[in-house]
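Note sheet for the following structure.
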Amino acid sequence: MSTQQLPTKRQHVLDAMKTAHQTLQSVNEGANASYIPYLASVPSNLFGIALAFTDGEILEVGDTRYDFAMESISKVFTLACVLEEMDKETFKSKIGSNASSEPFNSVIDLELHDEHPYNPFDNAGAIATVGLIGAASPEERWNKIIGTYNRFAGRELTVNDAVYRSESDTNAHNRGISWLLKSSGSLQVDPDHACDIYTRQCSVAITCRDLAIMGGTLANSGIHPVTGKRVIKEENVPPILAEMMMNGMYENTGNWLYSAGLPGKSGVGGGILAIVPGICALAAFAPPLDVHGNSVRGQKAGIFLSEILGWNLFKK
């Protein structure tokens, strides 16, 4: 995908994006996620950057229309779905909201906290969050989740069946976590169903442009930046951004905040989302990951743009 057609009222921003893309395109650090066979096969040279401003302007550079799997970025929007049904204090009492130093799929972390989820962005907490959505059946629960995603994106999203099959064939660890949650009373629904829905949400296909628009809704206090429609209540945005600030980049969240100073969330599909509240959302896509599961080029792009455009929240 080539750079968005000019003119733009934010030419200086687009110039910064082009510089970031050209500078970082040759970075060859990291590797695709290998434990999910489909992700290992995604071309590692893909790289896109997109910004969605709260006034609806969208800027794009590079491979911004390539479909990739949401993976853990989906946790942000499932959290949004749950918070529309219960207040944040009730949610915190059931899931927790503290940072963890353990890997995102840690069983040890779960055991150390009496099999109670520590936050909604670790896999245990994400699976338990799925179980909190009020529904009479797994299909109703799924329809609520994908319906929320669709409203954030402003279009109908679909599951990449190849990703879903690949993940379902290799998710024994998450199934084990689901049963531990059930045994401790932290999961009130069928654990296999909860794990399956979690796997399905991770397999939803989006583009870098989609991700920027979805994040733009959070930057715009819950109002879709393009359609102008309210997607979630304004009061539900701060808890979501707080979770992104504490847990969004796995064990590397602290380093990300030191450098970028923005709430962010990554996924092992290669996506990175960062929110500049009241201004815009930044999305990047590049499949090679660091040891924590974060896109290498995506992080570097976010840090570069935050620095050059003065978006670091801690420098205001």
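Please note that chains go A, B, ... in the order of the structure tokens, that every chain numbers its residues from 1, and that ligands are numbered from 1 in the order shown.
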
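By only C-alpha atoms, and with residues fewer than 2 positions from region 170-177 of chain A along its chain excluded, the set lying at most 8 Å from it is Tyr35, Ile36, Asn105, Val107, Asn123, Ala124, Ser166, Glu167, Ser168, Trp179, Leu180, Leu181, Pro191, Asp192 and Cys195 of chain A.
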
Query raised in the report: Quick one: residues within 12 Å of Gly269 (chain A), only C-alpha atoms counted, chain neighbours fewer than 6 positions away excluded, as a PyMOL selection string?
Result: chain A and resi 31-44+46+66-74+163+167+202-208+284-289+293-296+298

Can you pull out the residues contacting Glu57 (chain A)? Cut-off 9 Å, using only C-alpha atoms, and skip same-chain residues under 6 positions away; I want them as an mmCIF file with all heavy atoms, in the first residue's frame.
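As written to disk, out.cif reads:
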data_model
loop_
_atom_site.group_PDB
_atom_site.id
_atom_site.type_symbol
_atom_site.label_atom_id
_atom_site.label_comp_id
_atom_site.auth_asym_id
_atom_site.auth_seq_id
_atom_site.Cartn_x
_atom_site.Cartn_y
_atom_site.Cartn_z
ATOM 1 N N THR A 8 -2.845 16.655 2.665
ATOM 2 C CA THR A 8 -3.317 16.413 4.020
ATOM 3 C C THR A 8 -3.044 17.656 4.844
ATOM 4 O O THR A 8 -2.035 18.335 4.650
ATOM 5 C CB THR A 8 -2.623 15.205 4.660
ATOM 6 O OG1 THR A 8 -2.956 15.166 6.047
ATOM 7 C CG2 THR A 8 -1.113 15.291 4.519
ATOM 8 N N LYS A 9 -3.940 17.952 5.766
ATOM 9 C CA LYS A 9 -3.724 19.125 6.615
ATOM 10 C C LYS A 9 -2.649 18.860 7.655
ATOM 11 O O LYS A 9 -2.258 19.760 8.381
ATOM 12 C CB LYS A 9 -5.032 19.535 7.289
ATOM 13 C CG LYS A 9 -5.655 18.470 8.195
ATOM 14 C CD LYS A 9 -7.008 18.945 8.697
ATOM 15 C CE LYS A 9 -7.715 17.899 9.536
ATOM 16 N NZ LYS A 9 -9.044 18.341 9.981
ATOM 17 N N ARG A 10 -2.177 17.598 7.724
ATOM 18 C CA ARG A 10 -1.117 17.251 8.673
ATOM 19 C C ARG A 10 0.096 16.726 7.901
ATOM 20 O O ARG A 10 0.593 15.644 8.171
ATOM 21 C CB ARG A 10 -1.631 16.221 9.675
ATOM 22 C CG ARG A 10 -2.751 16.764 10.578
ATOM 23 C CD ARG A 10 -3.153 15.734 11.620
ATOM 24 N NE ARG A 10 -4.064 16.269 12.605
ATOM 25 C CZ ARG A 10 -5.394 16.205 12.527
ATOM 26 N NH1 ARG A 10 -5.960 15.601 11.486
ATOM 27 N NH2 ARG A 10 -6.149 16.718 13.477
ATOM 28 N N LEU A 51 -2.285 6.239 11.226
ATOM 29 C CA LEU A 51 -2.761 7.108 12.302
ATOM 30 C C LEU A 51 -4.209 7.475 12.031
ATOM 31 O O LEU A 51 -4.564 7.783 10.891
ATOM 32 C CB LEU A 51 -1.932 8.396 12.385
ATOM 33 C CG LEU A 51 -0.441 8.310 12.695
ATOM 34 C CD1 LEU A 51 0.161 9.709 12.734
ATOM 35 C CD2 LEU A 51 -0.216 7.616 14.016
ATOM 36 N N PRO A 225 -14.170 7.945 15.303
ATOM 37 C CA PRO A 225 -13.673 9.177 14.685
ATOM 38 C C PRO A 225 -14.194 9.432 13.272
ATOM 39 O O PRO A 225 -14.190 10.581 12.821
ATOM 40 C CB PRO A 225 -12.152 8.974 14.667
ATOM 41 C CG PRO A 225 -11.963 7.496 14.662
ATOM 42 C CD PRO A 225 -13.089 6.953 15.496
ATOM 43 N N VAL A 226 -14.639 8.389 12.591
ATOM 44 C CA VAL A 226 -15.114 8.544 11.212
ATOM 45 C C VAL A 226 -16.636 8.673 11.160
ATOM 46 O O VAL A 226 -17.166 9.587 10.525
ATOM 47 C CB VAL A 226 -14.646 7.364 10.342
ATOM 48 C CG1 VAL A 226 -15.185 7.508 8.916
ATOM 49 C CG2 VAL A 226 -13.116 7.280 10.319
#

Query raised in the report: What is the CA of Arg141 (chain A)-CA of Gly267 (chain A) distance in Å, reported with one decimal?
Result: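 So the two atoms, CA of Arg141 (chain A) and CA of Gly267 (chain A), lie 22.2 Å apart.
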
Report task. List the neighbours of region 89-95 of chain A out to 6 Å using only C-alpha atoms; skip same-chain residues closer than 2 positions along the sequence, and give me the result as a ChimeraX atom specification. Result -> /A:87,117,119

How would the residues just chosen look if you wrote them out with all heavy atoms as a short mmCIF file (atom, residue, chain, number, x, y, z; two decimals), in the first residue's frame?
data_model
loop_
_atom_site.label_atom_id
_atom_site.label_comp_id
_atom_site.auth_asym_id
_atom_site.auth_seq_id
_atom_site.Cartn_x
_atom_site.Cartn_y
_atom_site.Cartn_z
N ASP A 87 -19.66 -2.34 36.02
CA ASP A 87 -18.83 -1.20 36.37
C ASP A 87 -17.39 -1.66 36.63
O ASP A 87 -17.13 -2.84 36.90
CB ASP A 87 -19.39 -0.46 37.58
CG ASP A 87 -19.37 -1.31 38.83
OD1 ASP A 87 -18.34 -1.34 39.53
OD2 ASP A 87 -20.39 -1.97 39.12
N PRO A 117 -7.10 -14.41 38.36
CA PRO A 117 -6.43 -13.63 37.31
C PRO A 117 -5.89 -12.32 37.87
O PRO A 117 -6.51 -11.68 38.73
CB PRO A 117 -7.54 -13.38 36.29
CG PRO A 117 -8.55 -14.43 36.55
CD PRO A 117 -8.50 -14.71 38.02
N ASN A 119 -4.71 -9.65 35.80
CA ASN A 119 -5.13 -8.53 34.96
C ASN A 119 -5.77 -9.09 33.69
O ASN A 119 -5.57 -10.26 33.36
CB ASN A 119 -3.96 -7.59 34.65
CG ASN A 119 -2.89 -8.24 33.79
OD1 ASN A 119 -3.12 -8.56 32.62
ND2 ASN A 119 -1.70 -8.45 34.37
#

Report task. Rank A:Val159, A:Tyr164, A:Gly154, A:Ile197 by their smallest atom-to-atom distance to Val130 (chain A), using only C-alpha atoms, and report the top residue only. Result ->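 That would be A:Ile197, the residue with the smallest distance to Val130 (chain A).
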
Query - Best match for closeness to Gly310 (chain A) among A:Ala260, A:Ile145, A:Ile127, A:Ile275, counting only C-alpha atoms - result: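 With only C-alpha atoms as the atom set, the closest residue is A:Ala260.
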
Requested in this report: Using CA of Leu211 (chain A) and CA of Ala283 (chain A) as the two end points, give the distance in Å to one decimal.
Outcome: 6.0 Å

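Remark: for Thr217 (chain A), the closest of the candidate residues A:Ile279, A:Leu257, A:Ala126, A:Leu59 is A:Ile279 (distances computed over only C-alpha atoms).
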